[in-house]
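Asker: Have a look at the structure that comes next, please.
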Amino acid sequence: MKGKVDRLMAEMTLAEKIGQLNLLPAGEGLVTGAAQATTLAQRLAAGQVGAVFGTKSLASARAMQERAIAGSRLGIPLFFAEDVIHGHRTIFPLPVALACSWDVGLIEKTAAFAAAEASAEGQHVVFSPMIDIARDPRWGRVAESPGEDPLLASRIAVAMTRGLQGPDMLAPGRVAACLKHFVAYGATQSGRDYDNASLAWEDLLGIYLPPFAAGCEAGAACVMASFNAVNKVPMHAHAPLIEGWLRGRNGFDGLVVSDYTGVKELTAHRLGPAPVAVVRALFAGIDMDMVGEDYLRELPTLAEAGIDAPEAGLALSSAAIRDLTDRACRRVLTLKERLGLLDDPFRGLGATGAAPKRQAGRKLARRAAAQSVVLLKNNAVLPLSSKARVALVGPFARDRRNMLGTWSVSGNADDVVSLDEAVAALTGKAPRTAWGVNIVEEPWLEQRLNVHGVTVEHDARSEAELIEEALAVARQADVIVVTVGEAKEHAGESSSCLSPDLPAPHHRLIAALKQTGKPVVVVVFAGRPLALGGAAEVADALLYAWHGGVAGPEGVADILFGAATPSGRLCVTLPAHPGEVPLSYAEEPTGRPYRGHFQKFLTGWLDLPDTARRYPFGFGLGYSEVRYGTPSLSVTVAAADDRVVLTVRVQNAGPREATETVQLYASDPVARITRPARFLIDFQQVTLAAGECREVSFQIDADQFRYPIAPSLEAAEWVRDPGLVQLHVGPNSRDTQSLDLTWLA
Ligand code: NOJ
């Protein structure tokens, strides 16, 4: 018996099929000003829309669905989609911040909560998780990413997909996940957004593709293509990667959508005029065309006449183009079927969407915020006593808007409890606050940052006056908490920056406060890893708090006053200097490796002082002292199918509870190609009561040492060599103990 999709496909006209490939923004909705029908309304009436993203209410989604069904001869419904990147109404910490929790269970919970909120407002698909590996802090979209490491990112991809889709996408409160951006968007040249990526196929396979493989295996229903080219071919035309690797090798059978005008942009990439761009994208496996409407415009003619464009090296018959259109349309309908929309077009659009309780979300957001904060330094200043007189200084002391971070499209700054309020609520007394300095000093930059809406508040007083005010407040305090960093629009899409360091006025503010002789606690609110330079040296305690969402400041307050213990670990390396990027702990060794200090003719920077401090991937302190015993292996020589067990004892030798993330890295001293200096193969998080001791064991198998050899994408194979490997276990990627293990052939 034919299924619903087959039946529809058999009945649909070419124009109806092309209509299904059109993915439009809700924009102004159905009417504008003097009740004029918008383009969207006209398209819906003509059956020319497959899905809509960015509706802002259940009522508007319902109204659009009614129009779509009325406009479609066969009554085919839309699906609704939204950018739910780190929460929907309840904004959680930025993805890069959440990744610093290394708590995949927590991340899954935040995704599940976001799914419930989004689905209560009629969303069926969310353009999330963003799982681009990001190693270049200049790239503004680091904020949305799970950080620099493929294993951590893969686990997050699974957690997010599970949280969003649940065991059954059709269950109430669940939505379909859309993995993005496929692929290597984080590897763009010089960290410039939308730029291209040229990289070894081995890097693509070993670093950038694994999170997508993991997300697909977890059942993600959708994938979004990225704007960049990979090795000369723009991803919206990359048949070998989309149809070849993603679907062919990796078995993905869901929907691939373009990014915003991504099909149209093939022309700017110089791949040809609109008809060529459309055929290339459709051939590559881009099923839906977001915003640009080039499929809608070009496909009717192409499907009649075919294409013969020798200057673009492209020729395809009309029959072939009709087949490609069918393929894409079938995939759109299949997703609609999976979403239950072919049975019930109003699924999820009922009058009373059961939104989860906001209070529960706030509680989760606060816990997530505290777990995302990374304590980088503490000269016995933290936690603060609630009796301490605190001066709270700097541009984020009373801030709400920036705390939401980038991609918080449905968030509301009024929901944020600011840091001064959070401290007051926790200690029973309001801290004295002062603005200190502006976030940026250059007016033109301020103007650019404000482009997407008023974000950056500016105080018209001079920097000297602002600092003087801060000093007056600081002099009356026992301890100074100074908030520095970047505005929410500093990070995110189209927000690459040349120099990812703390703004100069913030350095000057910290230096001035240090002169008071009082302990200075520096709290960094940012969307990317910033080089902290001298600020890290001067600080008596240093917290990296990112943009933590609606309860971000409360999470920081909890850490400052010991209501929560710091457990965050960096998911990205913090550079010592803004020029030493891109950067990763997993860089490959050179023939002249750096030896911890600059030496001529060895890899390094002449103008980077040896004292400059990087904070390594995986690093983070707590309020207790966790000691590692000597690790041991069940065997030191193993057969290829053996399971080896590494055991290490961790002891909480301090007076407070501690959550420790025990990290296991490996390195391969002899291989066929240059391999990363070390790479994460597993981690475990354990919570230890004061004085508690626990054995942590890792199961290790030979497959964890497979690596790709790829003279080309098609010829790629994953190989494993017998012989010696090294295992490194410890609290971060640098401070580890090593063991040798030999794999037999
Ligand atoms: C462009 C962004 O790159 C993508 O992440 C987002 O999902 C779409 N716009 C839709 O808003």
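Simple scheme: letters A, B, ... for chains in structure tokens order, numbers from 1 for residues in each chain, numbers from 1 for ligands in the order shown.
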Would you pick out the contacts of Glu625 (chain A) at 7 Å or less, using only C-alpha atoms, so that residues sharing its chain but fewer than 6 positions from it are not included, and give the list as a PyMOL selection string?
Answerer: chain A and resi 652-654
Asker: Write the selection just made, keeping N, CA, C and O atoms, as a compact mmCIF listing (two decimals), in the first residue's frame?
Answerer:
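selection28.txt written:
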# COMPACT_ATOMS: atom_id res chain seq x y z
N ASN A 652 38.93 14.49 46.92
CA ASN A 652 38.61 15.87 47.28
C ASN A 652 39.29 16.17 48.62
O ASN A 652 38.80 15.78 49.68
N ALA A 653 40.43 16.83 48.54
CA ALA A 653 41.22 17.08 49.75
C ALA A 653 40.83 18.40 50.41
O ALA A 653 41.45 18.81 51.39
N GLY A 654 39.84 19.06 49.88
CA GLY A 654 39.47 20.37 50.44
C GLY A 654 38.24 20.29 51.31
O GLY A 654 37.67 19.21 51.50
Asker: To test your reading of the structure, identify every residue in region 326-387 of chain A that backbone DSSP assigns to helix (DSSP H, G or I), and report it as a list in words.
Answerer: Asp326, Arg327, Ala328, Cys329, Arg330, Arg331, Val332, Leu333, Thr334, Leu335, Lys336, Glu337, Arg338, Arg358, Gln359, Ala360, Gly361, Arg362, Lys363, Leu364, Ala365, Arg366, Arg367, Ala368, Ala369, Ala370, Gln371 and Ser372 of chain A
Asker: Keeping only N, CA and C atoms, write the selected residues to a file as a compact mmCIF listing (two decimals), in the first residue's frame.
Answerer:
# COMPACT_ATOMS: atom_id res chain seq x y z
N ASP A 326 11.58 16.34 -7.56
CA ASP A 326 10.81 15.28 -6.87
C ASP A 326 11.53 14.82 -5.61
N ARG A 327 12.83 14.62 -5.75
CA ARG A 327 13.62 14.12 -4.62
C ARG A 327 13.51 15.09 -3.44
N ALA A 328 13.69 16.38 -3.77
CA ALA A 328 13.65 17.38 -2.70
C ALA A 328 12.25 17.47 -2.10
N CYS A 329 11.23 17.46 -2.94
CA CYS A 329 9.86 17.59 -2.46
C CYS A 329 9.49 16.41 -1.57
N ARG A 330 9.90 15.24 -1.99
CA ARG A 330 9.63 14.03 -1.19
C ARG A 330 10.24 14.17 0.21
N ARG A 331 11.42 14.75 0.26
CA ARG A 331 12.07 14.90 1.58
C ARG A 331 11.34 15.91 2.45
N VAL A 332 10.81 16.96 1.82
CA VAL A 332 10.03 17.94 2.60
C VAL A 332 8.78 17.25 3.15
N LEU A 333 8.11 16.52 2.28
CA LEU A 333 6.87 15.85 2.71
C LEU A 333 7.15 14.78 3.76
N THR A 334 8.27 14.10 3.59
CA THR A 334 8.61 13.06 4.57
C THR A 334 8.81 13.67 5.95
N LEU A 335 9.47 14.84 5.99
CA LEU A 335 9.62 15.48 7.31
C LEU A 335 8.24 15.85 7.86
N LYS A 336 7.38 16.36 7.00
CA LYS A 336 6.04 16.73 7.47
C LYS A 336 5.30 15.49 7.99
N GLU A 337 5.53 14.39 7.31
CA GLU A 337 4.90 13.15 7.79
C GLU A 337 5.47 12.77 9.15
N ARG A 338 6.80 12.85 9.27
CA ARG A 338 7.44 12.50 10.56
C ARG A 338 6.96 13.42 11.67
N ARG A 358 7.50 28.69 33.69
CA ARG A 358 8.65 29.61 33.59
C ARG A 358 9.57 29.48 34.80
N GLN A 359 8.98 29.26 35.97
CA GLN A 359 9.79 29.18 37.19
C GLN A 359 10.78 28.02 37.12
N ALA A 360 10.29 26.89 36.57
CA ALA A 360 11.17 25.72 36.43
C ALA A 360 12.32 26.07 35.48
N GLY A 361 11.99 26.82 34.43
CA GLY A 361 13.01 27.22 33.47
C GLY A 361 14.05 28.14 34.10
N ARG A 362 13.59 29.05 34.90
CA ARG A 362 14.51 29.99 35.58
C ARG A 362 15.47 29.24 36.49
N LYS A 363 14.91 28.25 37.18
CA LYS A 363 15.73 27.47 38.11
C LYS A 363 16.82 26.73 37.33
N LEU A 364 16.40 26.13 36.23
CA LEU A 364 17.35 25.40 35.39
C LEU A 364 18.38 26.37 34.80
N ALA A 365 17.90 27.54 34.39
CA ALA A 365 18.80 28.54 33.78
C ALA A 365 19.83 29.02 34.80
N ARG A 366 19.43 29.14 36.04
CA ARG A 366 20.36 29.60 37.07
C ARG A 366 21.42 28.54 37.36
N ARG A 367 20.96 27.31 37.43
CA ARG A 367 21.91 26.22 37.64
C ARG A 367 22.88 26.15 36.45
N ALA A 368 22.32 26.26 35.24
CA ALA A 368 23.15 26.18 34.03
C ALA A 368 24.16 27.32 34.00
N ALA A 369 23.71 28.49 34.43
CA ALA A 369 24.61 29.66 34.42
C ALA A 369 25.77 29.42 35.38
N ALA A 370 25.47 28.95 36.57
CA ALA A 370 26.55 28.73 37.55
C ALA A 370 27.51 27.67 37.03
N GLN A 371 26.98 26.64 36.39
CA GLN A 371 27.85 25.57 35.89
C GLN A 371 28.65 25.98 34.65
N SER A 372 28.25 27.08 34.02
CA SER A 372 28.96 27.53 32.81
C SER A 372 30.12 28.46 33.14
Asker: Grab me every residue within 6 Å of ligand 1, counting only C-alpha atoms and all ligand atoms, and send it over as a ChimeraX atom specification.
Answerer: /A:83,127,259-260
Asker: Would you return as a list in words the members of region 233-321 of chain A that DSSP assigns to strand (DSSP E) on this structure's backbone?
Answerer: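 Output for region 233-321 of chain A, strand (DSSP E) only: Val233, Pro234, Leu255, Val256, Val257, Asp289, Met290, Ile307, Asp308, Ala309, Leu314, Ala315 and Leu316 of chain A.
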Asker: Would you write out those residues with N, CA and C atoms, as a short mmCIF file (atom, residue, chain, number, x, y, z; two decimals), in the first residue's frame?
Answerer:
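Done, and the output landed in result.cif:
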data_model
loop_
_atom_site.label_atom_id
_atom_site.label_comp_id
_atom_site.auth_asym_id
_atom_site.auth_seq_id
_atom_site.Cartn_x
_atom_site.Cartn_y
_atom_site.Cartn_z
N VAL A 233 34.60 24.59 -3.10
CA VAL A 233 33.20 24.41 -3.51
C VAL A 233 32.28 24.94 -2.41
N PRO A 234 31.47 25.98 -2.74
CA PRO A 234 30.54 26.49 -1.72
C PRO A 234 29.63 25.37 -1.23
N LEU A 255 15.95 16.04 6.03
CA LEU A 255 15.81 17.19 5.15
C LEU A 255 17.06 18.08 5.24
N VAL A 256 17.53 18.58 4.11
CA VAL A 256 18.62 19.56 4.13
C VAL A 256 18.05 20.91 3.68
N VAL A 257 18.21 21.92 4.53
CA VAL A 257 17.73 23.25 4.15
C VAL A 257 18.92 24.15 3.86
N ASP A 289 14.88 26.02 -0.09
CA ASP A 289 15.57 27.27 -0.39
C ASP A 289 15.05 28.34 0.59
N MET A 290 15.92 28.75 1.51
CA MET A 290 15.48 29.71 2.53
C MET A 290 15.59 31.15 2.01
N ILE A 307 19.03 22.51 -18.61
CA ILE A 307 20.04 23.58 -18.61
C ILE A 307 21.25 23.12 -19.41
N ASP A 308 21.79 24.05 -20.16
CA ASP A 308 23.03 23.78 -20.87
C ASP A 308 23.87 25.04 -20.74
N ALA A 309 24.78 25.05 -19.79
CA ALA A 309 25.58 26.24 -19.51
C ALA A 309 27.05 25.87 -19.57
N LEU A 314 28.09 23.02 -16.92
CA LEU A 314 26.89 22.37 -16.37
C LEU A 314 25.87 22.09 -17.47
N ALA A 315 25.43 20.86 -17.57
CA ALA A 315 24.34 20.51 -18.48
C ALA A 315 23.49 19.45 -17.81
N LEU A 316 22.19 19.66 -17.80
CA LEU A 316 21.28 18.69 -17.18
C LEU A 316 19.95 18.72 -17.92
#
Asker: Would you list the contacts of Glu692 (chain A) as number ranges by chain, taking every protein, DNA or RNA residue within 10 Å and counting only C-alpha atoms, but skipping same-chain residues closer than 4 positions in sequence?
Answerer: A: 626, 650-654, 657-658, 687-688
Asker: Go ahead and write the residues just picked, N, CA and C atoms, as a short mmCIF file (atom, residue, chain, number, x, y, z; two decimals), in the first residue's frame.
Answerer:
data_model
loop_
_atom_site.label_atom_id
_atom_site.label_comp_id
_atom_site.auth_asym_id
_atom_site.auth_seq_id
_atom_site.Cartn_x
_atom_site.Cartn_y
_atom_site.Cartn_z
N VAL A 626 41.27 19.10 44.45
CA VAL A 626 41.09 17.71 44.03
C VAL A 626 42.46 17.16 43.65
N VAL A 650 40.57 9.87 42.41
CA VAL A 650 40.51 11.31 42.64
C VAL A 650 39.99 11.56 44.04
N GLN A 651 40.66 12.50 44.69
CA GLN A 651 40.30 12.75 46.08
C GLN A 651 40.01 14.22 46.29
N ASN A 652 38.93 14.49 46.92
CA ASN A 652 38.61 15.87 47.28
C ASN A 652 39.29 16.17 48.62
N ALA A 653 40.43 16.83 48.54
CA ALA A 653 41.22 17.08 49.75
C ALA A 653 40.83 18.40 50.41
N GLY A 654 39.84 19.06 49.88
CA GLY A 654 39.47 20.37 50.44
C GLY A 654 38.24 20.29 51.31
N GLU A 657 32.42 20.70 48.84
CA GLU A 657 32.08 19.77 47.76
C GLU A 657 32.77 20.21 46.46
N ALA A 658 33.10 19.25 45.63
CA ALA A 658 33.74 19.60 44.35
C ALA A 658 33.18 18.75 43.23
N THR A 687 31.02 14.19 41.34
CA THR A 687 30.88 15.14 42.44
C THR A 687 31.34 14.47 43.72
N LEU A 688 32.26 15.13 44.39
CA LEU A 688 32.89 14.55 45.57
C LEU A 688 32.60 15.41 46.79
#
Asker: Of the candidates A:Leu14, A:Lys357, A:Ile207, A:Phe113, which shows the shortest atom-to-atom distance to Ala319 (chain A), using only C-alpha atoms?
Answerer: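 The shortest atom-to-atom distance to Ala319 (chain A) comes from A:Leu14.
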Asker: Which residue out of A:Ala220, A:Val520, A:Ala413, A:Leu530 has the minimum interatomic distance to Asp501 (chain A) when only C-alpha atoms are used?
Answerer: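 Once distances to Asp501 (chain A) are computed over only C-alpha atoms, the minimum belongs to A:Leu530.
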Asker: Pick out the residues sitting within 7 Å of Asn22 (chain A), and hand them over as a PyMOL selection string; count only C-alpha atoms, and ignore anything fewer than 3 positions along from it in its own chain.
Answerer: chain A and resi 19+48-51+288-290+293+296
Asker: Pick out the residues sitting within 6 Å of region 480-493 of chain A, and hand them over as a PyMOL selection string; count only C-alpha atoms, and ignore anything fewer than 3 positions along from it in its own chain.
Answerer: chain A and resi 140-141+143+390-394+396+402+405-406+449+502+520-527
Asker: Okay, now the selection with N, CA, C and O atoms, as a short mmCIF file (atom, residue, chain, number, x, y, z; two decimals), in the first residue's frame?
Answerer:
data_model
loop_
_atom_site.label_atom_id
_atom_site.label_comp_id
_atom_site.auth_asym_id
_atom_site.auth_seq_id
_atom_site.Cartn_x
_atom_site.Cartn_y
_atom_site.Cartn_z
N GLY A 140 32.84 35.55 15.19
CA GLY A 140 31.83 35.90 16.19
C GLY A 140 30.91 34.75 16.56
O GLY A 140 30.30 34.75 17.63
N ARG A 141 30.82 33.76 15.69
CA ARG A 141 29.87 32.68 15.95
C ARG A 141 30.41 31.60 16.88
O ARG A 141 29.75 30.60 17.13
N ALA A 143 30.37 32.04 19.77
CA ALA A 143 29.36 32.15 20.82
C ALA A 143 28.31 31.05 20.75
O ALA A 143 27.82 30.56 21.76
N VAL A 390 30.89 44.99 49.24
CA VAL A 390 31.29 44.75 47.85
C VAL A 390 31.07 46.00 46.99
O VAL A 390 29.99 46.60 47.03
N ALA A 391 32.10 46.37 46.25
CA ALA A 391 31.92 47.41 45.22
C ALA A 391 31.75 46.68 43.90
O ALA A 391 32.60 45.85 43.52
N LEU A 392 30.65 46.92 43.25
CA LEU A 392 30.37 46.25 41.98
C LEU A 392 30.51 47.28 40.86
O LEU A 392 29.73 48.22 40.78
N VAL A 393 31.53 47.06 40.04
CA VAL A 393 31.94 48.11 39.11
C VAL A 393 31.97 47.58 37.68
O VAL A 393 32.14 46.38 37.48
N GLY A 394 31.81 48.48 36.74
CA GLY A 394 32.00 48.10 35.34
C GLY A 394 30.69 48.06 34.56
O GLY A 394 29.61 48.03 35.14
N PHE A 396 28.89 46.01 33.13
CA PHE A 396 27.87 44.94 33.20
C PHE A 396 27.28 44.79 34.60
O PHE A 396 26.50 43.87 34.85
N ASN A 402 22.72 42.69 27.58
CA ASN A 402 23.84 41.92 27.05
C ASN A 402 23.90 40.50 27.61
O ASN A 402 24.50 39.62 27.01
N GLY A 405 22.89 37.50 25.45
CA GLY A 405 23.81 36.99 24.44
C GLY A 405 23.17 37.00 23.06
O GLY A 405 21.98 37.29 22.89
N THR A 406 23.98 36.64 22.08
CA THR A 406 23.50 36.64 20.70
C THR A 406 22.47 35.53 20.50
O THR A 406 22.35 34.62 21.31
N LEU A 449 27.73 48.36 16.46
CA LEU A 449 27.16 47.39 17.40
C LEU A 449 25.67 47.61 17.58
O LEU A 449 24.92 46.69 17.88
N LEU A 502 40.27 42.03 25.54
CA LEU A 502 39.43 42.92 26.34
C LEU A 502 39.56 44.33 25.81
O LEU A 502 40.66 44.78 25.48
N VAL A 520 40.80 42.52 43.92
CA VAL A 520 40.01 42.77 42.71
C VAL A 520 39.58 41.44 42.09
O VAL A 520 40.42 40.62 41.72
N VAL A 521 38.27 41.24 42.02
CA VAL A 521 37.72 40.06 41.35
C VAL A 521 37.26 40.50 39.97
O VAL A 521 36.40 41.37 39.84
N VAL A 522 37.83 39.90 38.92
CA VAL A 522 37.45 40.28 37.55
C VAL A 522 36.45 39.25 37.02
O VAL A 522 36.70 38.04 37.08
N VAL A 523 35.32 39.74 36.56
CA VAL A 523 34.32 38.85 35.95
C VAL A 523 34.17 39.24 34.48
O VAL A 523 33.84 40.39 34.18
N VAL A 524 34.44 38.28 33.60
CA VAL A 524 34.39 38.58 32.16
C VAL A 524 33.06 38.07 31.58
O VAL A 524 32.74 36.89 31.69
N PHE A 525 32.31 38.99 31.00
CA PHE A 525 31.09 38.62 30.28
C PHE A 525 31.40 38.76 28.80
O PHE A 525 31.70 39.86 28.33
N ALA A 526 31.32 37.66 28.07
CA ALA A 526 31.72 37.73 26.66
C ALA A 526 31.07 36.60 25.88
O ALA A 526 30.52 35.66 26.45
N GLY A 527 31.15 36.72 24.56
CA GLY A 527 30.59 35.69 23.69
C GLY A 527 31.67 34.87 23.01
O GLY A 527 31.38 33.95 22.27
#
Asker: Which value, in Å to one decimal, gives the distance between CA of Asp540 (chain A) and CA of Thr573 (chain A)?
Answerer: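 These two atoms are separated by 20.8 Å.
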Asker: Could you tell me how far CA of Leu375 (chain A) sits from CA of Leu426 (chain A), in Å to one decimal place?
Answerer: 19.5 Å
Asker: If we count only C-alpha atoms and set the cut-off at 8 Å, which residues sit around region 42-46 of chain A, ignoring sequence neighbours fewer than 2 positions away in its own chain? Please answer as a PyMOL selection string.
Answerer: chain A and resi 37-40+48-49+64+67-68+70-72
Asker: Which residue, A:Val637, A:Ala159, A:Ala284, A:Leu532, has the smallest gap to Glu217 (chain A) when you use only C-alpha atoms?
Answerer: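 Closest residue, counting only C-alpha atoms: A:Ala159.
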Asker: Got a sec: who's within 8 Å of Gly562 (chain A), counting only C-alpha atoms, leaving out chain neighbours fewer than 4 positions off, as an NGL selection string?
Answerer: :A and (382-384 or 558)
Asker: Taking C-alpha atoms for each residue, export the selection above as a compact mmCIF listing (two decimals), in the first residue's frame.
Answerer:
# COMPACT_ATOMS: atom_id res chain seq x y z
CA LEU A 382 36.56 33.67 46.59
CA PRO A 383 34.05 32.74 47.76
CA LEU A 384 33.16 36.07 49.30
CA ASP A 558 25.99 32.12 43.35
